[in-house]
$ cat target13.csv   # CSV, C-alpha atoms
chain,number,residue,atom,x,y,z
A,13,MET,CA,97.9,5.6,132.2
A,14,ILE,CA,95.7,6.9,129.4
A,15,ASN,CA,94.2,10.3,129.9
A,16,LEU,CA,91.4,10.9,127.5
A,17,GLU,CA,90.5,14.4,128.6
A,18,THR,CA,91.1,17.1,126.1
A,19,PRO,CA,94.7,18.2,126.7
A,20,ARG,CA,95.1,21.8,127.8
A,21,LYS,CA,97.4,22.6,124.9
A,22,PHE,CA,94.7,21.5,122.4
A,23,ARG,CA,91.7,23.2,124.0
A,24,ALA,CA,92.0,26.5,122.3
A,25,PHE,CA,92.5,24.8,118.9
A,26,VAL,CA,89.5,22.5,119.5
A,27,ASN,CA,87.4,25.6,120.4
A,28,GLN,CA,88.5,27.3,117.2
A,29,ALA,CA,87.5,24.2,115.2
A,30,HIS,CA,84.0,24.3,116.8
A,31,GLN,CA,83.6,28.0,116.0
A,32,VAL,CA,84.6,27.3,112.4
A,33,ALA,CA,82.1,24.5,112.3
A,34,ALA,CA,79.3,26.6,113.8
A,35,GLU,CA,79.9,29.8,111.8
A,36,MET,CA,81.2,28.5,108.4
A,37,LEU,CA,80.5,24.8,107.9
A,38,ARG,CA,77.0,24.4,109.4
A,39,PRO,CA,75.5,27.5,107.7
A,40,ASN,CA,76.8,26.3,104.3
A,41,SER,CA,75.9,22.6,104.8
A,42,ARG,CA,72.5,22.6,103.0
A,43,ARG,CA,73.7,24.8,100.2
A,44,TYR,CA,76.5,22.5,99.0
A,45,ASP,CA,74.4,19.4,99.6
A,46,LEU,CA,72.0,20.7,97.0
A,47,ALA,CA,74.7,22.1,94.7
A,48,GLU,CA,76.6,18.8,94.3
A,49,HIS,CA,80.0,19.2,92.6
A,50,GLU,CA,80.1,23.0,93.2
A,51,TYR,CA,83.4,23.9,94.8
A,52,PRO,CA,82.9,25.4,98.3
A,53,VAL,CA,84.9,28.6,97.8
A,54,GLU,CA,84.6,29.4,101.5
A,55,LEU,CA,87.1,26.7,102.3
A,56,ASP,CA,89.9,28.5,100.6
A,57,MET,CA,89.9,31.1,103.4
A,58,LEU,CA,89.6,28.4,106.0
A,59,ALA,CA,92.5,26.4,104.5
A,60,ALA,CA,94.7,29.6,104.5
A,61,MET,CA,93.8,30.0,108.2
A,62,VAL,CA,94.7,26.4,109.0
A,63,ASP,CA,98.0,26.8,107.2
A,64,GLY,CA,98.8,29.9,109.2
A,65,LEU,CA,98.0,28.1,112.5
A,66,GLY,CA,100.2,25.2,111.4
A,67,ALA,CA,103.1,27.5,110.5
A,68,SER,CA,102.9,29.2,113.8
A,69,GLY,CA,102.8,25.9,115.7
A,70,THR,CA,99.4,26.6,117.0
A,71,SER,CA,97.9,23.4,115.5
A,72,SER,CA,98.8,20.3,113.7
A,73,GLY,CA,96.0,20.3,111.1
A,74,ALA,CA,92.2,20.5,111.2
A,75,GLY,CA,91.5,17.8,108.7
A,76,ALA,CA,92.8,14.4,107.7
A,77,ALA,CA,96.5,15.4,107.9
A,78,GLY,CA,99.1,15.6,110.7
A,79,VAL,CA,98.9,12.0,111.7
A,80,ARG,CA,102.6,10.9,111.4
A,81,ARG,CA,103.4,8.2,113.9
A,82,THR,CA,106.1,8.9,116.4
A,83,GLU,CA,108.4,6.0,117.2
A,84,GLY,CA,110.6,5.4,120.2
A,85,ASN,CA,108.3,6.5,123.0
A,86,GLU,CA,106.5,3.2,123.7
A,87,ASP,CA,105.1,2.7,127.2
A,88,LYS,CA,105.9,6.2,128.3
A,89,GLY,CA,102.2,7.0,128.3
A,90,VAL,CA,102.8,10.8,128.3
A,91,LYS,CA,102.3,12.1,124.8
A,92,ASN,CA,99.3,13.8,123.4
A,93,GLY,CA,100.3,14.5,119.8
A,94,SER,CA,99.1,15.2,116.3
A,95,ASN,CA,96.8,12.1,116.1
A,96,LEU,CA,94.8,13.1,119.1
A,97,SER,CA,94.7,16.7,118.0
A,98,SER,CA,93.5,15.7,114.6
A,99,VAL,CA,90.8,13.4,116.0
A,100,LEU,CA,89.5,16.1,118.3
A,101,SER,CA,89.4,18.8,115.7
A,102,ILE,CA,87.7,16.4,113.2
A,103,MET,CA,85.0,15.6,115.7
A,104,GLU,CA,84.2,19.3,115.9
A,105,MET,CA,84.4,20.0,112.1
A,106,SER,CA,82.2,17.0,111.3
A,107,TRP,CA,79.7,18.3,113.8
A,108,GLY,CA,79.5,21.2,111.3
A,109,ASP,CA,79.6,19.2,108.0
A,110,VAL,CA,81.5,16.1,107.2
A,111,GLY,CA,81.2,16.7,103.4
A,112,LEU,CA,82.8,20.1,103.7
A,113,LEU,CA,85.5,18.8,105.9
A,114,LEU,CA,86.4,16.2,103.3
A,115,SER,CA,86.6,19.1,100.8
A,116,MET,CA,89.2,21.1,102.7
A,117,PRO,CA,92.3,21.8,100.6
A,118,ARG,CA,95.5,20.1,101.7
A,119,GLN,CA,93.6,18.0,104.3
A,120,GLY,CA,92.9,14.9,102.1
A,121,LEU,CA,93.3,11.3,103.0
A,122,GLY,CA,96.3,11.2,100.7
A,123,ASN,CA,97.9,13.7,103.0
A,124,SER,CA,97.4,11.1,105.8
A,125,ALA,CA,99.2,8.5,103.7
A,126,ILE,CA,102.1,10.8,103.1
A,127,ALA,CA,102.3,11.7,106.8
A,128,SER,CA,102.2,8.1,107.8
A,129,VAL,CA,104.9,6.5,105.6
A,130,ALA,CA,106.8,9.3,103.7
A,131,SER,CA,110.5,9.9,104.3
A,132,ASP,CA,111.6,13.3,105.8
A,133,GLU,CA,112.7,14.4,102.4
A,134,GLN,CA,109.3,13.5,100.9
A,135,LEU,CA,107.5,15.3,103.7
A,136,ARG,CA,109.3,18.5,102.8
A,137,ARG,CA,108.8,18.0,99.0
A,138,PHE,CA,105.1,17.3,99.3
A,139,ASP,CA,104.4,20.0,101.9
A,140,GLY,CA,101.5,22.1,100.8
A,141,VAL,CA,100.2,19.5,98.3
A,142,TRP,CA,96.5,18.5,98.4
A,143,ALA,CA,96.6,14.8,98.0
A,144,ALA,CA,93.7,12.4,97.5
A,145,MET,CA,94.0,8.6,98.0
A,146,ALA,CA,93.2,6.1,95.3
A,147,ILE,CA,92.8,2.5,96.5
A,148,THR,CA,89.5,1.0,95.3
A,149,GLU,CA,89.2,-0.4,91.8
A,150,PRO,CA,86.2,-1.7,89.8
A,151,GLU,CA,87.1,-5.3,90.6
A,152,CYS,CA,88.8,-4.7,93.9
A,153,GLY,CA,86.8,-3.3,96.8
A,154,SER,CA,87.5,-4.2,100.4
A,155,ASP,CA,90.2,-6.7,99.6
A,156,SER,CA,93.1,-4.3,99.0
A,157,ALA,CA,95.5,-7.2,98.4
A,158,ASN,CA,93.9,-7.8,95.0
A,159,ILE,CA,94.8,-4.5,93.6
A,160,ARG,CA,95.4,-4.7,89.8
A,161,THR,CA,96.8,-1.3,89.0
A,162,THR,CA,100.4,-1.9,88.1
A,163,ALA,CA,103.6,0.1,88.6
A,164,ARG,CA,106.5,-1.0,86.3
A,165,GLN,CA,109.9,0.5,86.9
A,166,ASP,CA,111.5,2.0,83.8
A,167,GLY,CA,114.9,3.6,84.7
A,168,ASP,CA,114.4,6.4,87.3
A,169,ASP,CA,110.6,6.3,86.8
A,170,TYR,CA,107.6,4.1,87.5
A,171,VAL,CA,105.0,3.7,84.8
A,172,ILE,CA,101.5,3.3,86.3
A,173,ASN,CA,98.5,1.7,84.5
A,174,GLY,CA,95.0,1.1,85.9
A,175,GLU,CA,91.7,2.6,87.0
A,176,LYS,CA,90.7,3.8,90.5
A,177,ILE,CA,87.1,4.5,91.6
A,178,PHE,CA,85.6,6.4,94.6
A,179,VAL,CA,88.6,8.7,95.0
A,180,THR,CA,87.6,11.3,97.5
A,181,ALA,CA,88.6,14.9,96.4
A,182,GLY,CA,89.8,13.3,93.2
A,183,GLY,CA,88.6,16.1,91.0
A,184,ARG,CA,90.0,18.9,93.1
A,185,CYS,CA,93.3,17.6,94.5
A,186,ASP,CA,96.8,18.4,93.3
A,187,ALA,CA,98.1,14.9,93.6
A,188,ILE,CA,96.9,11.3,94.2
A,189,VAL,CA,98.4,8.7,96.4
A,190,VAL,CA,97.9,5.6,94.2
A,191,TRP,CA,98.2,2.1,95.5
A,192,ALA,CA,99.7,-0.2,92.8
A,193,THR,CA,101.5,-3.5,92.6
A,194,LEU,CA,105.0,-3.9,91.4
A,195,ASP,CA,104.5,-7.6,90.7
A,196,LYS,CA,101.0,-9.3,90.5
A,197,ASP,CA,102.6,-12.7,91.2
A,198,ALA,CA,104.2,-11.5,94.4
A,199,GLY,CA,101.0,-10.9,96.3
A,200,ARG,CA,100.6,-8.3,99.1
A,201,ALA,CA,104.2,-7.6,99.5
A,202,ALA,CA,104.4,-6.0,96.0
A,203,ILE,CA,101.8,-3.4,96.8
A,204,LYS,CA,103.2,0.1,97.1
A,205,SER,CA,101.9,3.6,97.2
A,206,PHE,CA,103.0,6.4,94.9
A,207,VAL,CA,102.4,10.2,94.9
A,208,VAL,CA,101.2,11.0,91.4
A,209,GLY,CA,100.7,14.6,90.3
A,210,LYS,CA,97.3,15.3,88.9
A,211,ASP,CA,98.8,17.0,85.9
A,212,THR,CA,100.9,14.0,85.0
A,213,PRO,CA,100.4,12.9,81.4
A,214,GLY,CA,98.2,9.8,81.3
A,215,VAL,CA,96.2,10.8,84.4
A,216,THR,CA,92.5,11.4,83.5
A,217,VAL,CA,89.5,12.2,85.7
A,218,GLU,CA,86.8,10.1,84.0
A,219,ARG,CA,83.8,11.3,86.0
A,220,LEU,CA,82.5,12.6,89.3
A,221,GLU,CA,79.9,10.4,91.1
A,222,HIS,CA,76.4,11.4,92.2
A,223,LYS,CA,76.1,10.2,95.8
A,224,LEU,CA,73.6,9.6,98.6
A,225,GLY,CA,75.5,11.8,101.0
A,226,ILE,CA,78.7,13.9,101.6
A,227,ARG,CA,77.7,15.7,98.3
A,228,ALA,CA,79.9,18.7,99.1
A,229,SER,CA,82.9,16.3,98.6
A,230,ASP,CA,83.7,15.3,95.0
A,231,THR,CA,84.2,11.6,94.4
A,232,ALA,CA,86.0,10.7,91.2
A,233,THR,CA,86.9,7.8,88.9
A,234,ILE,CA,90.5,8.3,87.6
A,235,ARG,CA,92.3,6.4,84.9
A,236,PHE,CA,96.1,5.9,84.6
A,237,GLU,CA,97.5,5.2,81.2
A,238,ASN,CA,101.3,4.9,81.1
A,239,ALA,CA,101.5,7.6,83.7
A,240,ARG,CA,105.2,8.2,84.4
A,241,VAL,CA,106.2,9.2,87.9
A,242,PRO,CA,109.7,9.6,89.5
A,243,ALA,CA,110.9,6.6,91.5
A,244,ALA,CA,111.4,9.2,94.3
A,245,ASN,CA,107.6,9.4,94.6
A,246,LEU,CA,107.3,5.9,95.9
A,247,LEU,CA,106.3,6.1,99.6
A,248,GLY,CA,108.3,3.8,101.9
A,249,SER,CA,110.6,1.0,100.8
A,250,PRO,CA,110.6,-0.2,97.1
A,251,ASP,CA,111.7,-3.7,98.2
A,252,ILE,CA,109.3,-6.6,97.9
A,253,ASP,CA,109.6,-8.5,101.2
A,254,PRO,CA,107.1,-11.3,101.6
A,255,ALA,CA,107.9,-11.5,105.3
A,256,LYS,CA,106.6,-8.0,105.8
A,257,GLY,CA,103.5,-8.2,103.5
A,258,PHE,CA,102.3,-4.8,102.7
A,259,GLY,CA,102.4,-3.4,106.2
A,260,GLY,CA,103.9,-0.1,105.1
A,261,VAL,CA,100.9,1.0,103.0
A,262,MET,CA,98.5,-0.6,105.5
A,263,GLN,CA,99.9,1.5,108.3
A,264,THR,CA,98.1,4.4,106.6
A,265,PHE,CA,94.8,2.8,107.7
A,266,ASP,CA,96.0,2.5,111.4
A,267,ASN,CA,96.2,6.3,111.3
A,268,THR,CA,93.2,7.2,109.1
A,269,ARG,CA,90.6,4.9,110.6
A,270,PRO,CA,90.5,6.8,113.9
A,271,LEU,CA,90.0,9.9,111.8
A,272,VAL,CA,87.0,8.3,110.1
A,273,ALA,CA,85.7,7.2,113.5
A,274,ALA,CA,86.0,10.9,114.6
A,275,MET,CA,83.9,12.0,111.6
A,276,ALA,CA,81.2,9.5,112.7
A,277,VAL,CA,81.4,10.7,116.3
A,278,GLY,CA,80.9,14.3,115.1
A,279,VAL,CA,78.0,13.6,112.9
A,280,ALA,CA,76.3,11.5,115.5
A,281,ARG,CA,76.8,14.2,118.1
A,282,ALA,CA,75.2,16.8,115.9
A,283,SER,CA,72.1,14.5,115.4
A,284,LEU,CA,71.8,13.8,119.1
A,285,GLU,CA,72.0,17.5,120.1
A,286,LEU,CA,69.4,18.6,117.7
A,287,THR,CA,67.1,15.7,118.5
A,288,ARG,CA,67.3,16.4,122.2
A,289,ASP,CA,66.3,20.0,121.5
A,290,LEU,CA,63.4,18.9,119.3
A,291,LEU,CA,62.2,16.4,121.8
A,292,SER,CA,62.3,19.0,124.5
A,293,GLU,CA,60.2,21.4,122.4
A,294,ALA,CA,57.7,18.5,122.1
A,295,GLY,CA,57.6,18.1,125.9
A,296,VAL,CA,59.8,15.0,126.1
A,297,GLU,CA,62.5,15.5,128.7
A,298,ILE,CA,65.5,13.2,129.2
A,299,ASN,CA,66.1,12.7,132.9
A,300,TYR,CA,69.5,11.2,133.8
A,301,ASP,CA,68.4,10.6,137.4
A,302,ARG,CA,65.5,8.2,136.5
A,303,PRO,CA,65.7,4.6,135.4
A,304,THR,CA,65.3,4.1,131.7
A,305,HIS,CA,62.2,2.0,132.0
A,306,LEU,CA,60.4,4.8,133.9
A,307,GLN,CA,61.0,7.3,131.1
A,308,PRO,CA,59.0,7.9,127.9
A,309,ALA,CA,60.0,5.5,125.1
A,310,ALA,CA,61.6,8.4,123.1
A,311,ALA,CA,63.7,9.4,126.1
A,312,ALA,CA,64.8,5.7,126.7
A,313,THR,CA,65.8,5.3,123.1
A,314,TYR,CA,67.7,8.6,123.2
A,315,LEU,CA,69.7,7.4,126.3
A,316,GLN,CA,70.6,4.2,124.6
A,317,LEU,CA,71.9,6.1,121.5
A,318,GLU,CA,73.8,8.5,123.7
A,319,ALA,CA,75.5,5.6,125.5
A,320,ASP,CA,76.6,4.1,122.1
A,321,TRP,CA,77.9,7.5,121.1
A,322,GLU,CA,80.0,7.8,124.2
A,323,ALA,CA,81.6,4.4,123.6
A,324,SER,CA,82.5,5.4,120.1
A,325,HIS,CA,83.9,8.7,121.3
A,326,LEU,CA,86.2,7.0,123.8
A,327,LEU,CA,87.4,4.3,121.4
A,328,ALA,CA,88.4,6.9,118.8
A,329,LEU,CA,90.4,8.9,121.4
A,330,GLN,CA,92.1,5.7,122.6
A,331,ALA,CA,93.2,4.7,119.1
A,332,ALA,CA,94.6,8.1,118.4
A,333,TRP,CA,96.4,8.2,121.8
A,334,MET,CA,98.0,4.9,121.1
A,335,ALA,CA,99.4,6.1,117.8
A,336,ASP,CA,100.8,9.2,119.5
A,337,ASN,CA,102.6,7.0,122.0
A,338,GLY,CA,104.1,4.7,119.4
A,339,ARG,CA,101.9,1.7,120.4
A,340,PRO,CA,100.6,-0.7,117.8
A,341,ASN,CA,96.9,0.3,117.3
A,342,SER,CA,95.7,-1.7,114.3
A,343,LEU,CA,93.2,-3.6,116.5
A,344,GLU,CA,92.0,-0.4,118.3
A,345,ALA,CA,91.8,1.6,115.1
A,346,SER,CA,89.5,-1.1,113.5
A,347,ILE,CA,87.4,-1.4,116.7
A,348,ALA,CA,87.0,2.4,116.8
A,349,LYS,CA,86.1,2.6,113.1
A,350,ALA,CA,83.7,-0.3,113.3
A,351,LYS,CA,81.9,0.9,116.4
A,352,ALA,CA,81.7,4.6,115.4
A,353,GLY,CA,80.7,3.9,111.8
A,354,ARG,CA,77.8,1.6,112.8
A,355,THR,CA,76.8,3.9,115.7
A,356,ALA,CA,76.6,6.9,113.5
A,357,ASN,CA,74.3,5.1,111.1
A,358,ASP,CA,72.1,3.9,114.0
A,359,VAL,CA,72.1,7.3,115.8
A,360,THR,CA,71.3,9.4,112.7
A,361,LEU,CA,68.5,7.1,111.4
A,362,ARG,CA,66.9,6.7,114.9
A,363,CYS,CA,67.0,10.5,115.4
A,364,VAL,CA,65.1,10.9,112.1
A,365,GLU,CA,62.6,8.4,113.4
A,366,LEU,CA,62.3,10.0,116.9
A,367,THR,CA,61.6,13.4,115.4
A,368,GLY,CA,59.1,12.2,112.8
A,369,THR,CA,58.2,14.6,110.1
A,370,LEU,CA,60.7,17.2,111.4
A,371,GLY,CA,63.5,14.7,111.0
A,372,TYR,CA,62.4,13.5,107.5
A,373,SER,CA,61.9,17.0,106.1
A,374,GLU,CA,64.6,19.4,104.8
A,375,ASN,CA,63.6,21.9,107.5
A,376,HIS,CA,66.4,20.5,109.6
A,377,LEU,CA,69.7,18.8,108.8
A,378,LEU,CA,68.8,15.4,110.4
A,379,GLU,CA,67.9,13.8,107.1
A,380,LYS,CA,71.1,15.0,105.6
A,381,TRP,CA,73.2,13.7,108.5
A,382,SER,CA,71.5,10.3,108.1
A,383,ARG,CA,72.6,10.3,104.5
A,384,ASP,CA,76.1,11.5,105.2
A,385,SER,CA,76.7,9.0,107.9
A,386,LYS,CA,76.3,5.9,105.7
A,387,ILE,CA,79.6,6.4,104.0
A,388,LEU,CA,81.4,6.5,107.3
A,389,ASP,CA,80.5,2.8,107.8
A,390,ILE,CA,81.8,1.9,104.4
A,391,PHE,CA,85.0,3.8,103.3
A,392,GLU,CA,88.4,3.2,104.9
A,393,GLY,CA,87.3,-0.5,105.2
A,394,THR,CA,83.7,-1.6,105.5
A,395,GLN,CA,82.0,-2.7,108.7
A,396,GLN,CA,82.5,-6.4,107.7
A,397,ILE,CA,86.2,-5.9,107.0
A,398,GLN,CA,86.8,-4.2,110.3
A,399,GLN,CA,85.1,-7.1,112.1
A,400,LEU,CA,87.3,-9.5,110.2
A,401,ILE,CA,90.5,-7.6,111.1
A,402,VAL,CA,89.4,-7.5,114.8
A,403,ALA,CA,88.7,-11.3,114.7
A,404,ARG,CA,92.2,-12.0,113.2
A,405,ARG,CA,93.9,-9.9,115.8
A,406,LEU,CA,92.0,-11.4,118.7
A,407,LEU,CA,92.4,-15.0,117.5
A,408,GLY,CA,96.0,-14.6,116.3
A,409,LYS,CA,95.0,-15.7,112.8
A,410,THR,CA,96.6,-14.5,109.5
A,411,SER,CA,94.6,-13.3,106.5
A,412,ALA,CA,95.1,-16.6,104.8
A,413,GLU,CA,93.8,-18.5,107.9
A,414,LEU,CA,90.7,-16.4,108.5
A,415,LYS,CA,89.0,-14.9,105.4

$ encode --input "target13.csv" --output "structure tokens"
Amino acid sequence: MINLETPRKFRAFVNQAHQVAAEMLRPNSRRYDLAEHEYPVELDMLAAMVDGLGASGTSSGAGAAGVRRTEGNEDKGVKNGSNLSSVLSIMEMSWGDVGLLLSMPRQGLGNSAIASVASDEQLRRFDGVWAAMAITEPECGSDSANIRTTARQDGDDYVINGEKIFVTAGGRCDAIVVWATLDKDAGRAAIKSFVVGKDTPGVTVERLEHKLGIRASDTATIRFENARVPAANLLGSPDIDPAKGFGGVMQTFDNTRPLVAAMAVGVARASLELTRDLLSEAGVEINYDRPTHLQPAAAATYLQLEADWEASHLLALQAAWMADNGRPNSLEASIAKAKAGRTANDVTLRCVELTGTLGYSENHLLEKWSRDSKILDIFEGTQQIQQLIVARRLLGKTSAELK
């Protein structure tokens, strides 16, 4: 039976994450939103603290790391592991500031890719590396199967050529997990992921993007020109097996999409809490004992938003719990990401609307959260892509049968 209460062993860690969010992330939120591309130096101390907690076994990571799937315990229904721990902590940290969370050293989405599919030897070798993840290309957005960046084997190395855009933490990271194809004619099965050091000759950060939201997090365009990486840096199997498609690299999404859902849940919760306080100050009270239609319109809207938030919260926890227990969670991960991403957009924008000039001004963070939330419905697979994945899973259709 699934138990979605916060496990006792995680409660202290979750409380610590909330304290960090309240005392470090939230107070610096506006500063780094206005100072786009300025590195948040406060995060170095936070990263050192997280490393210390991880080394002592107190935590499994506060950011987008620590999501390695555990096999062999299917149907036991007893394990609350690193996936649930990461989701719970990310909810708290995103309540503080999602852009700063995405800027945390050694907690990048590339670290999730490494944790998901790396061998034990690779896990040891890349321990402590801050890894970004590079998937999107100028002519390849949501359809990852059409990746054009190539990886050609040359002796004990692979030579990578191509361009990647919208690489989160691409300017600050130590390494990049690059998705590339070994053979363009072989389709999805030839797509593999490689850990490429940022200092590798031929790797160039072309530019940093100016963005609507999550401005504290740098987003880069990176070019690869004959970038040579060791064959040992290929994550997963180097074999091209059409029967398996590119399930190995796609497994990364099954682990990271619940994390993005958790970010959305955290941002939406922050908006709801502040909005409730502002409504209360204006004399609008939310009464849970009265029918919705007997309450002020603002209160009725708030209750609807809160119900959507609660559904998103539970879906994110369910997807993480399934991963911890070795159960296939591709469907649940996409449902959680789709629901939470759209809910965060709806909640934050409606909260701006409900609070009027207070929400639209920079006197509060509501307008910032509405900007930050938009990316959570886009990256790691857009809303439309998630709906397509859910439809395929429910109808039993392949990607070729249902496009």

$ closest_residue --input "target13.csv" --among "A:Ala34, A:Ala244, A:Ala181, A:Ile159" --to "A:Ile203" --atoms "all atoms listed in the file"
A:Ile159

$ atom_distance --input "target13.csv" --atom1 "atom CA of A:Ser249" --atom2 "atom CA of A:Gly122"
17.6 Å

$ closest_residue --input "target13.csv" --among "A:Val110, A:Leu194, A:Thr410, A:Leu370" --to "A:Lys386" --atoms "all atoms listed in the file"
A:Val110

$ residues_around --input "target13.csv" --residues "A:Val53" --least-positions-apart "3" --cutoff "12 Å" --atoms "all atoms listed in the file" --output "list in words"
Met36, Leu37, Asn40, Tyr44, His49, Glu50, Asp56, Met57, Leu58, Ala59, Ala60, Leu112, Ser115, Met116, Pro117, Arg184 and Ala228 of chain A

$ closest_atom_pairs --input "target13.csv" --of "stretch 87-131 of chain A" --to "stretch 331-336 of chain A" --cutoff "6 Å" --atoms "all atoms listed in the file" --output "JSON lines"
{"residue": "A:Gly93", "atom": "CA", "partner": "A:Asp336", "partner_atom": "CA", "distance": 5.3}
{"residue": "A:Asn95", "atom": "CA", "partner": "A:Ala332", "partner_atom": "CA", "distance": 5.1}
{"residue": "A:Leu96", "atom": "CA", "partner": "A:Ala332", "partner_atom": "CA", "distance": 5.1}

$ atom_distance --input "target13.csv" --atom1 "atom CA of A:Ser41" --atom2 "atom CA of A:Asp109"
6.0 Å

$ closest_residue --input "target13.csv" --among "A:Gln119, A:Ser128, A:Asn357, A:Ser154" --to "A:Gln263" --atoms "all atoms listed in the file"
A:Ser128

$ atom_distance --input "target13.csv" --atom1 "atom CA of A:Glu297" --atom2 "atom CA of A:Ala311"
6.7 Å

$ residues_around --input "target13.csv" --residues "A:Val32" --least-positions-apart "3" --cutoff "9 Å" --atoms "all atoms listed in the file" --output "ChimeraX atom specification"
/A:27-29,35-38,58,104-105,108

$ closest_residue --input "target13.csv" --among "A:Ser229, A:Thr162, A:Asn299, A:Asn245" --to "A:Gln134" --atoms "all atoms listed in the file"
A:Asn245

$ residues_around --input "target13.csv" --residues "A:Thr360" --least-positions-apart "6" --cutoff "8 Å" --atoms "all atoms listed in the file" --output "PyMOL selection string"
chain A and resi 279-280+283-284+378-379+381-382+385

$ write_last_selection --input "target13.csv" --atoms "C-alpha atoms" --output "compact mmCIF listing (two decimals), in the frame of the given file"
# COMPACT_ATOMS: atom_id res chain seq x y z
CA VAL A 279 78.00 13.60 112.90
CA ALA A 280 76.30 11.50 115.50
CA SER A 283 72.10 14.50 115.40
CA LEU A 284 71.80 13.80 119.10
CA LEU A 378 68.80 15.40 110.40
CA GLU A 379 67.90 13.80 107.10
CA TRP A 381 73.20 13.70 108.50
CA SER A 382 71.50 10.30 108.10
CA SER A 385 76.70 9.00 107.90

$ closest_residue --input "target13.csv" --among "A:Arg281, A:Lys176, A:His222, A:Arg288" --to "A:Ser106" --atoms "only C-alpha atoms"
A:Arg281

$ closest_residue --input "target13.csv" --among "A:Glu48, A:Asp320, A:Glu133, A:Glu392" --to "A:Thr264" --atoms "all atoms listed in the file"
A:Glu392

$ residues_near_point --input "target13.csv" --point "(78.3, 4.8, 116.4)" --cutoff "8 Å" --atoms "all atoms listed in the file" --output "list in words"
Ala276, Val277, Ala280, Asp320, Trp321, Ala323, Ser324, Lys351, Ala352, Gly353, Arg354, Thr355, Ala356, Asn357, Asp358 and Val359 of chain A
